[in-house]
file query-v9.txt (compact mmCIF, C-alpha atoms)
# COMPACT_ATOMS: atom_id res chain seq x y z
CA MET A 262 -15.87 12.03 -29.91
CA LYS A 263 -13.82 15.21 -29.66
CA SER A 264 -10.06 15.07 -29.95
CA PHE A 265 -7.90 15.72 -26.92
CA GLU A 266 -4.26 16.06 -25.97
CA LYS A 267 -2.92 12.94 -24.30
CA ILE A 268 -0.82 14.76 -21.71
CA THR A 269 0.05 11.56 -19.90
CA GLU A 270 2.03 10.41 -22.94
CA SER A 271 3.83 13.71 -23.56
CA PRO A 272 7.65 13.62 -23.43
CA SER A 273 9.25 14.15 -20.06
CA PRO A 274 10.84 17.60 -19.68
CA HIS A 275 13.89 15.86 -18.21
CA ARG A 276 16.43 14.32 -20.56
CA HIS A 277 19.31 11.83 -20.25
CA LEU A 278 18.12 10.45 -16.94
CA GLU A 279 20.70 7.68 -17.10
CA GLU A 280 23.46 10.27 -16.78
CA MET A 281 22.18 11.73 -13.51
CA ASP A 282 23.38 10.75 -10.05
CA VAL A 283 20.93 9.35 -7.53
CA GLU A 284 20.36 12.56 -5.57
CA GLN A 285 19.68 14.49 -8.75
CA LEU A 286 17.16 11.87 -9.87
CA LEU A 287 15.38 11.91 -6.52
CA SER A 288 15.33 15.70 -6.35
CA LEU A 289 13.77 15.98 -9.80
CA ILE A 290 11.17 13.29 -9.06
CA ASN A 291 10.29 15.13 -5.87
CA GLN A 292 10.10 18.39 -7.80
CA GLU A 293 7.62 16.85 -10.23
CA ASP A 294 5.59 15.30 -7.41
CA ALA A 295 5.25 18.66 -5.67
CA GLY A 296 2.75 19.86 -8.26
CA VAL A 297 0.32 16.97 -7.76
CA PRO A 298 -1.54 18.30 -4.68
CA GLU A 299 -2.25 21.59 -6.45
CA ALA A 300 -3.71 19.74 -9.43
CA VAL A 301 -5.92 17.78 -7.03
CA ARG A 302 -6.95 20.98 -5.23
CA ARG A 303 -8.22 22.45 -8.49
CA ALA A 304 -10.42 19.38 -8.94
CA ILE A 305 -12.11 19.62 -5.52
CA PRO A 306 -15.45 20.97 -6.83
CA SER A 307 -15.73 17.98 -9.17
CA ILE A 308 -14.64 15.55 -6.47
CA ALA A 309 -17.26 17.04 -4.13
CA SER A 310 -20.07 16.37 -6.61
CA LEU A 311 -18.93 12.76 -6.95
CA VAL A 312 -18.73 12.31 -3.17
CA VAL A 313 -22.28 13.62 -2.69
CA ALA A 314 -23.63 11.31 -5.38
CA ALA A 315 -21.81 8.28 -3.96
CA ALA A 316 -22.88 8.98 -0.38
CA ASP A 317 -26.50 9.62 -1.34
CA GLY A 318 -26.58 6.39 -3.31
CA MET A 319 -25.10 4.39 -0.46
CA LEU A 320 -27.53 5.89 2.03
CA ALA A 321 -30.28 4.66 -0.29
CA GLY A 322 -28.87 1.12 -0.23
CA GLY A 323 -26.43 1.29 -3.12
CA ARG A 324 -22.76 0.45 -3.39
CA LEU A 325 -19.65 2.14 -4.74
CA PHE A 326 -17.59 0.42 -7.43
CA TYR A 327 -14.11 1.30 -8.66
CA ILE A 328 -13.02 -0.15 -11.99
CA GLY A 329 -9.65 0.24 -13.68
CA ALA A 330 -6.62 -1.44 -15.21
CA GLY A 331 -2.97 -1.60 -14.21
CA THR A 332 -1.95 0.92 -11.57
CA SER A 333 -5.38 2.55 -11.67
CA GLY A 334 -7.13 -0.75 -10.99
CA ARG A 335 -4.75 -1.65 -8.17
CA LEU A 336 -5.31 1.72 -6.51
CA GLY A 337 -9.08 1.22 -6.65
CA ILE A 338 -8.77 -2.24 -5.10
CA LEU A 339 -6.51 -0.85 -2.38
CA ASP A 340 -8.95 1.91 -1.46
CA ALA A 341 -11.93 -0.43 -1.47
CA SER A 342 -10.16 -3.07 0.63
CA GLU A 343 -9.30 -0.55 3.33
CA CYS A 344 -12.87 0.63 3.92
CA PRO A 345 -14.10 -2.33 6.04
CA PRO A 346 -11.22 -2.34 8.56
CA THR A 347 -10.97 1.45 8.74
CA PHE A 348 -14.64 2.35 8.91
CA GLY A 349 -16.30 -0.89 9.99
CA VAL A 350 -18.52 -1.17 6.90
CA PRO A 351 -19.47 -4.55 5.41
CA GLN A 352 -17.33 -6.22 2.78
CA GLY A 353 -18.87 -5.48 -0.60
CA LEU A 354 -20.11 -1.98 0.15
CA VAL A 355 -17.11 -0.58 -1.72
CA VAL A 356 -15.85 -2.87 -4.47
CA GLY A 357 -12.66 -2.63 -6.53
CA LEU A 358 -12.40 -4.39 -9.88
CA MET A 359 -9.53 -4.48 -12.35
CA ALA A 360 -8.83 -5.82 -15.80
CA GLY A 361 -7.42 -9.32 -15.54
CA GLY A 362 -9.01 -10.04 -12.17
CA ASP A 363 -7.25 -10.84 -8.92
CA GLN A 364 -4.27 -12.34 -10.75
CA ALA A 365 -3.52 -8.92 -12.23
CA ILE A 366 -3.09 -7.35 -8.80
CA ARG A 367 0.41 -8.82 -8.60
CA GLN A 368 1.21 -9.73 -12.17
CA ALA A 369 0.17 -7.95 -15.36
CA VAL A 370 -2.31 -9.83 -17.54
CA GLU A 371 -1.48 -9.03 -21.16
CA PHE A 372 -4.17 -7.25 -23.21
CA ALA A 373 -6.79 -7.61 -20.46
CA GLU A 374 -7.40 -3.86 -20.49
CA ASP A 375 -8.18 -3.90 -24.23
CA ASP A 376 -11.46 -5.84 -23.85
CA THR A 377 -14.36 -3.38 -24.09
CA LEU A 378 -16.91 -5.94 -22.85
CA GLN A 379 -15.16 -7.55 -19.88
CA GLY A 380 -15.63 -4.63 -17.49
CA TRP A 381 -19.40 -4.90 -17.74
CA ARG A 382 -19.21 -8.67 -17.34
CA ASP A 383 -17.15 -8.21 -14.18
CA LEU A 384 -19.69 -5.75 -12.79
CA GLN A 385 -22.54 -8.14 -13.55
CA GLN A 386 -20.82 -10.78 -11.41
CA HIS A 387 -21.66 -8.48 -8.49
CA GLU A 388 -25.31 -8.11 -9.54
CA ILE A 389 -24.92 -4.39 -10.08
CA THR A 390 -28.11 -2.31 -9.96
CA THR A 391 -29.28 1.25 -10.59
CA ARG A 392 -28.74 2.03 -6.91
CA ASP A 393 -24.98 1.63 -7.37
CA LEU A 394 -22.39 4.09 -8.66
CA VAL A 395 -19.37 3.08 -10.75
CA ILE A 396 -16.17 5.13 -10.87
CA GLY A 397 -13.81 4.40 -13.74
CA ILE A 398 -10.16 5.10 -12.94
CA ALA A 399 -7.97 5.65 -16.00
CA ALA A 400 -4.98 7.97 -16.12
CA SER A 401 -5.08 8.05 -19.92
CA GLY A 402 -8.86 8.19 -20.05
CA THR A 403 -8.80 5.78 -22.98
CA THR A 404 -8.65 2.31 -21.36
CA PRO A 405 -11.17 0.17 -23.33
CA TYR A 406 -11.97 -2.00 -20.27
CA VAL A 407 -13.00 1.09 -18.32
CA VAL A 408 -14.66 3.09 -21.10
CA GLY A 409 -16.69 0.05 -22.18
CA ALA A 410 -17.82 -0.67 -18.63
CA LEU A 411 -18.99 2.89 -18.05
CA ALA A 412 -20.80 3.00 -21.40
CA ALA A 413 -22.67 -0.19 -20.51
CA CYS A 414 -23.53 1.21 -17.09
CA ARG A 415 -25.06 4.34 -18.57
CA LYS A 416 -27.15 2.26 -20.97
CA ALA A 417 -28.39 0.32 -17.93
CA GLY A 418 -29.27 3.51 -16.03
CA ILE A 419 -26.40 3.22 -13.55
CA GLN A 420 -24.63 6.39 -12.42
CA THR A 421 -21.00 6.73 -13.44
CA GLY A 422 -17.96 8.81 -12.57
CA CYS A 423 -14.33 8.88 -13.59
CA ILE A 424 -10.90 9.90 -12.37
CA THR A 425 -8.52 10.74 -15.22
CA CYS A 426 -5.41 12.80 -15.87
CA ASN A 427 -6.23 13.72 -19.48
CA PRO A 428 -8.93 16.41 -19.84
CA GLY A 429 -11.53 15.68 -22.48
CA SER A 430 -10.58 12.01 -22.78
CA PRO A 431 -13.08 9.33 -23.94
CA VAL A 432 -13.82 8.18 -20.38
CA THR A 433 -15.32 11.57 -19.58
CA SER A 434 -18.01 11.20 -22.24
CA GLU A 435 -19.30 8.11 -20.43
CA SER A 436 -19.27 9.69 -16.96
CA ASP A 437 -21.97 11.60 -15.10
CA TYR A 438 -19.36 12.91 -12.68
CA VAL A 439 -16.00 13.84 -14.17
CA VAL A 440 -12.85 14.33 -12.10
CA GLU A 441 -9.93 15.51 -14.22
CA VAL A 442 -6.53 15.93 -12.57
CA PRO A 443 -3.97 16.90 -15.23
CA VAL A 444 -0.56 16.57 -13.60
CA GLY A 445 1.47 16.98 -16.78
CA PRO A 446 4.07 14.72 -18.40
CA GLU A 447 5.62 12.03 -16.23
CA PHE A 448 9.26 12.09 -15.10
CA VAL A 449 9.78 8.92 -17.12
CA THR A 450 7.74 9.47 -20.28
CA GLY A 451 4.39 7.67 -20.07
CA SER A 452 5.03 6.10 -16.65
CA THR A 453 1.64 6.95 -15.17
CA ARG A 454 2.29 4.95 -12.02
CA MET A 455 4.19 8.09 -10.92
CA LYS A 456 2.44 11.50 -10.79
CA SER A 457 -0.82 10.24 -12.28
CA GLY A 458 -0.92 7.34 -9.82
CA THR A 459 -0.19 9.68 -6.93
CA ALA A 460 -3.01 11.99 -8.01
CA GLN A 461 -5.44 9.09 -8.29
CA LYS A 462 -4.48 7.81 -4.84
CA LEU A 463 -5.06 11.24 -3.31
CA VAL A 464 -8.46 11.56 -4.98
CA LEU A 465 -9.50 8.06 -3.92
CA ASN A 466 -8.49 8.84 -0.32
CA MET A 467 -10.64 11.96 -0.46
CA ILE A 468 -13.64 10.17 -1.96
CA SER A 469 -13.76 7.19 0.40
CA THR A 470 -12.97 9.22 3.52
CA ALA A 471 -15.51 11.94 2.79
CA VAL A 472 -18.16 9.38 1.85
CA MET A 473 -17.62 7.42 5.06
CA ILE A 474 -17.83 10.58 7.15
CA ARG A 475 -21.16 11.42 5.48
CA LEU A 476 -22.32 7.88 6.24
CA GLY A 477 -21.61 8.47 9.94
CA ARG A 478 -18.60 6.18 10.16
CA VAL A 479 -16.42 8.85 11.80
CA GLU A 480 -17.30 10.74 14.98
CA ASP A 481 -15.42 13.94 15.82
CA ASN A 482 -12.13 13.01 14.10
CA LYS A 483 -11.95 9.36 15.14
CA MET A 484 -12.45 6.00 13.43
CA VAL A 485 -14.90 4.86 16.05
CA HIS A 486 -16.24 2.00 13.91
CA MET A 487 -12.88 0.51 12.91
CA GLN A 488 -12.49 -3.25 13.15
CA LEU A 489 -10.34 -4.46 16.03
CA THR A 490 -8.31 -6.77 13.84
CA ASN A 491 -4.83 -6.38 15.36
CA GLY A 492 -3.03 -5.20 18.46
CA LYS A 493 -2.35 -1.72 17.12
CA LEU A 494 -6.01 -1.05 16.34
CA LEU A 495 -7.13 -2.52 19.64
CA ASP A 496 -4.70 -0.28 21.52
CA ARG A 497 -5.89 2.76 19.55
CA GLY A 498 -9.49 1.87 20.34
CA VAL A 499 -8.79 1.45 24.05
CA LYS A 500 -7.19 4.89 24.19
CA MET A 501 -10.18 6.40 22.38
CA VAL A 502 -12.52 4.86 24.94
CA GLN A 503 -10.33 6.15 27.77
CA GLU A 504 -10.35 9.65 26.32
CA GLU A 505 -14.06 9.79 25.55
CA LEU A 506 -15.20 8.34 28.88
CA GLY A 507 -12.44 9.71 31.11
CA ILE A 508 -11.38 6.22 32.20
CA GLY A 509 -7.90 6.13 33.69
CA ASP A 510 -7.63 2.36 33.92
CA TYR A 511 -6.44 0.93 30.59
CA ASN A 512 -7.71 -2.59 31.29
CA GLN A 513 -11.14 -1.32 32.31
CA ALA A 514 -11.44 0.54 29.01
CA LYS A 515 -10.16 -2.50 27.12
CA ASP A 516 -12.73 -4.78 28.75
CA LEU A 517 -15.50 -2.33 27.83
CA LEU A 518 -14.28 -2.12 24.23
CA LEU A 519 -14.06 -5.88 23.83
CA GLN A 520 -17.49 -6.32 25.39
CA TYR A 521 -19.18 -4.02 22.88
CA GLY A 522 -16.96 -4.61 19.85
CA SER A 523 -16.43 -1.03 18.70
CA VAL A 524 -15.42 2.32 20.12
CA SER A 525 -18.75 3.88 19.20
CA LYS A 526 -20.81 1.23 20.98
CA ALA A 527 -18.51 1.16 24.00
CA VAL A 528 -18.70 4.94 24.41
CA ARG A 529 -22.49 4.99 24.09
CA ALA A 530 -22.73 2.22 26.67
CA GLY A 531 -20.29 4.03 28.94
CA HIS A 532 -22.48 7.11 28.82
CA GLY A 533 -25.41 4.97 29.95
CA ARG A 534 -27.16 4.92 26.57
CA GLY A 535 -26.90 1.26 25.83
CA SER A 536 -26.47 -2.24 27.12
CA PRO A 537 -24.51 -5.25 25.85
CA GLU A 538 -27.68 -6.82 24.55
CA SER A 539 -29.08 -3.76 22.78
CA GLU A 540 -25.81 -2.61 21.28
CA ARG A 541 -24.84 -5.82 19.55
CA GLY A 542 -27.48 -5.82 16.82
call {"tool": "encode", "arguments": {"input": "query-v9.txt", "output": "structure tokens"}}
result
Amino acid sequence: MKSFEKITESPSPHRHLEEMDVEQLLSLINQEDAGVPEAVRRAIPSIASLVVAAADGMLAGGRLFYIGAGTSGRLGILDASECPPTFGVPQGLVVGLMAGGDQAIRQAVEFAEDDTLQGWRDLQQHEITTRDLVIGIAASGTTPYVVGALAACRKAGIQTGCITCNPGSPVTSESDYVVEVPVGPEFVTGSTRMKSGTAQKLVLNMISTAVMIRLGRVEDNKMVHMQLTNGKLLDRGVKMVQEELGIGDYNQAKDLLLQYGSVSKAVRAGHGRGSPESERG
């Protein structure tokens, strides 16, 4: 395995942080954060390849898995958990796993990320197959839990990808699709929940959103398949139906939306291309 520079652990360019006033601290953090979107922009070709592979696999009946530890794992779980309510896809189509399990979402589980075998065990709990794609998220690119899981996936013929902030890191050698977003040293040395975490969140947003658009879960620029799980989303859906069908009466649009269960089905029915019975399958 080739050597690499662990940029994420490099010393912060800012010294004596404890001597700064609050506005100076915030200004410097903001200054560091400003470079993250450009680093992500440079990675777009790699992200695009990963999106195409994930979408093609899901169209063929596969699933998308995120696997990570610490901040990286939590970000993967967050992105996965938001796909069903936002895009109306089934639970389990996008799955987030992290070292230490659900307990580690809120409280760190010591040394969980150091187990090279547990990641594969966790994936097997979901009966992973060669139709699925697994994305390892690791700012350092060295997390044993993640690297071990991806290595096992490749041996099993399962496609893999990674999101890392250290170019040439070990995780890349176990990935078919490599996304490297080097954002430089952190404001607080080694605190990868900061710029590295921000970069990972941006990339995950891009992946899941672009994949769902390719799966047909967005029409025009609207979340027409979102789940109507609260008043805000219901109100948003009603207004979409009003706009798409030219209905001035809010309650009429609301009744239509509730009858069909989604904006997409309500609009198709409103255009005379469906019925309550045929649209509910």
call {"tool": "closest_residue", "arguments": {"input": "query-v9.txt", "among": "A:Phe448, A:Gly397, A:Asp516, A:Arg392", "to": "Ala321 in chain A", "atoms": "all atoms listed in the file"}}
result
A:Arg392
call {"tool": "axis_aligned_box", "arguments": {"input": "query-v9.txt", "around": "range 401-407 of chain A", "padding_each_side": "5 Å", "output": "AutoDock Vina command-line options"}}
result
--center_x -9.0 --center_y 3.1 --center_z -20.8 --size_x 17.9 --size_y 20.2 --size_z 15.0
call {"tool": "atom_distance", "arguments": {"input": "query-v9.txt", "atom1": "CA of Gln386 in chain A", "atom2": "CA of Leu358 in chain A"}}
result
10.7 Å
call {"tool": "closest_residue", "arguments": {"input": "query-v9.txt", "among": "A:Tyr521, A:Gln292, A:Phe348, A:Thr453", "to": "Leu494 in chain A", "atoms": "only C-alpha atoms"}}
result
A:Phe348
call {"tool": "residues_around", "arguments": {"input": "query-v9.txt", "residues": "Gly362 in chain A", "least_positions_apart": "5", "cutoff": "12 Å", "atoms": "all atoms listed in the file", "output": "PyMOL selection string"}}
result
chain A and resi 328-331+334-335+338+357+367-371+373-374+379-380+382-384+386+406
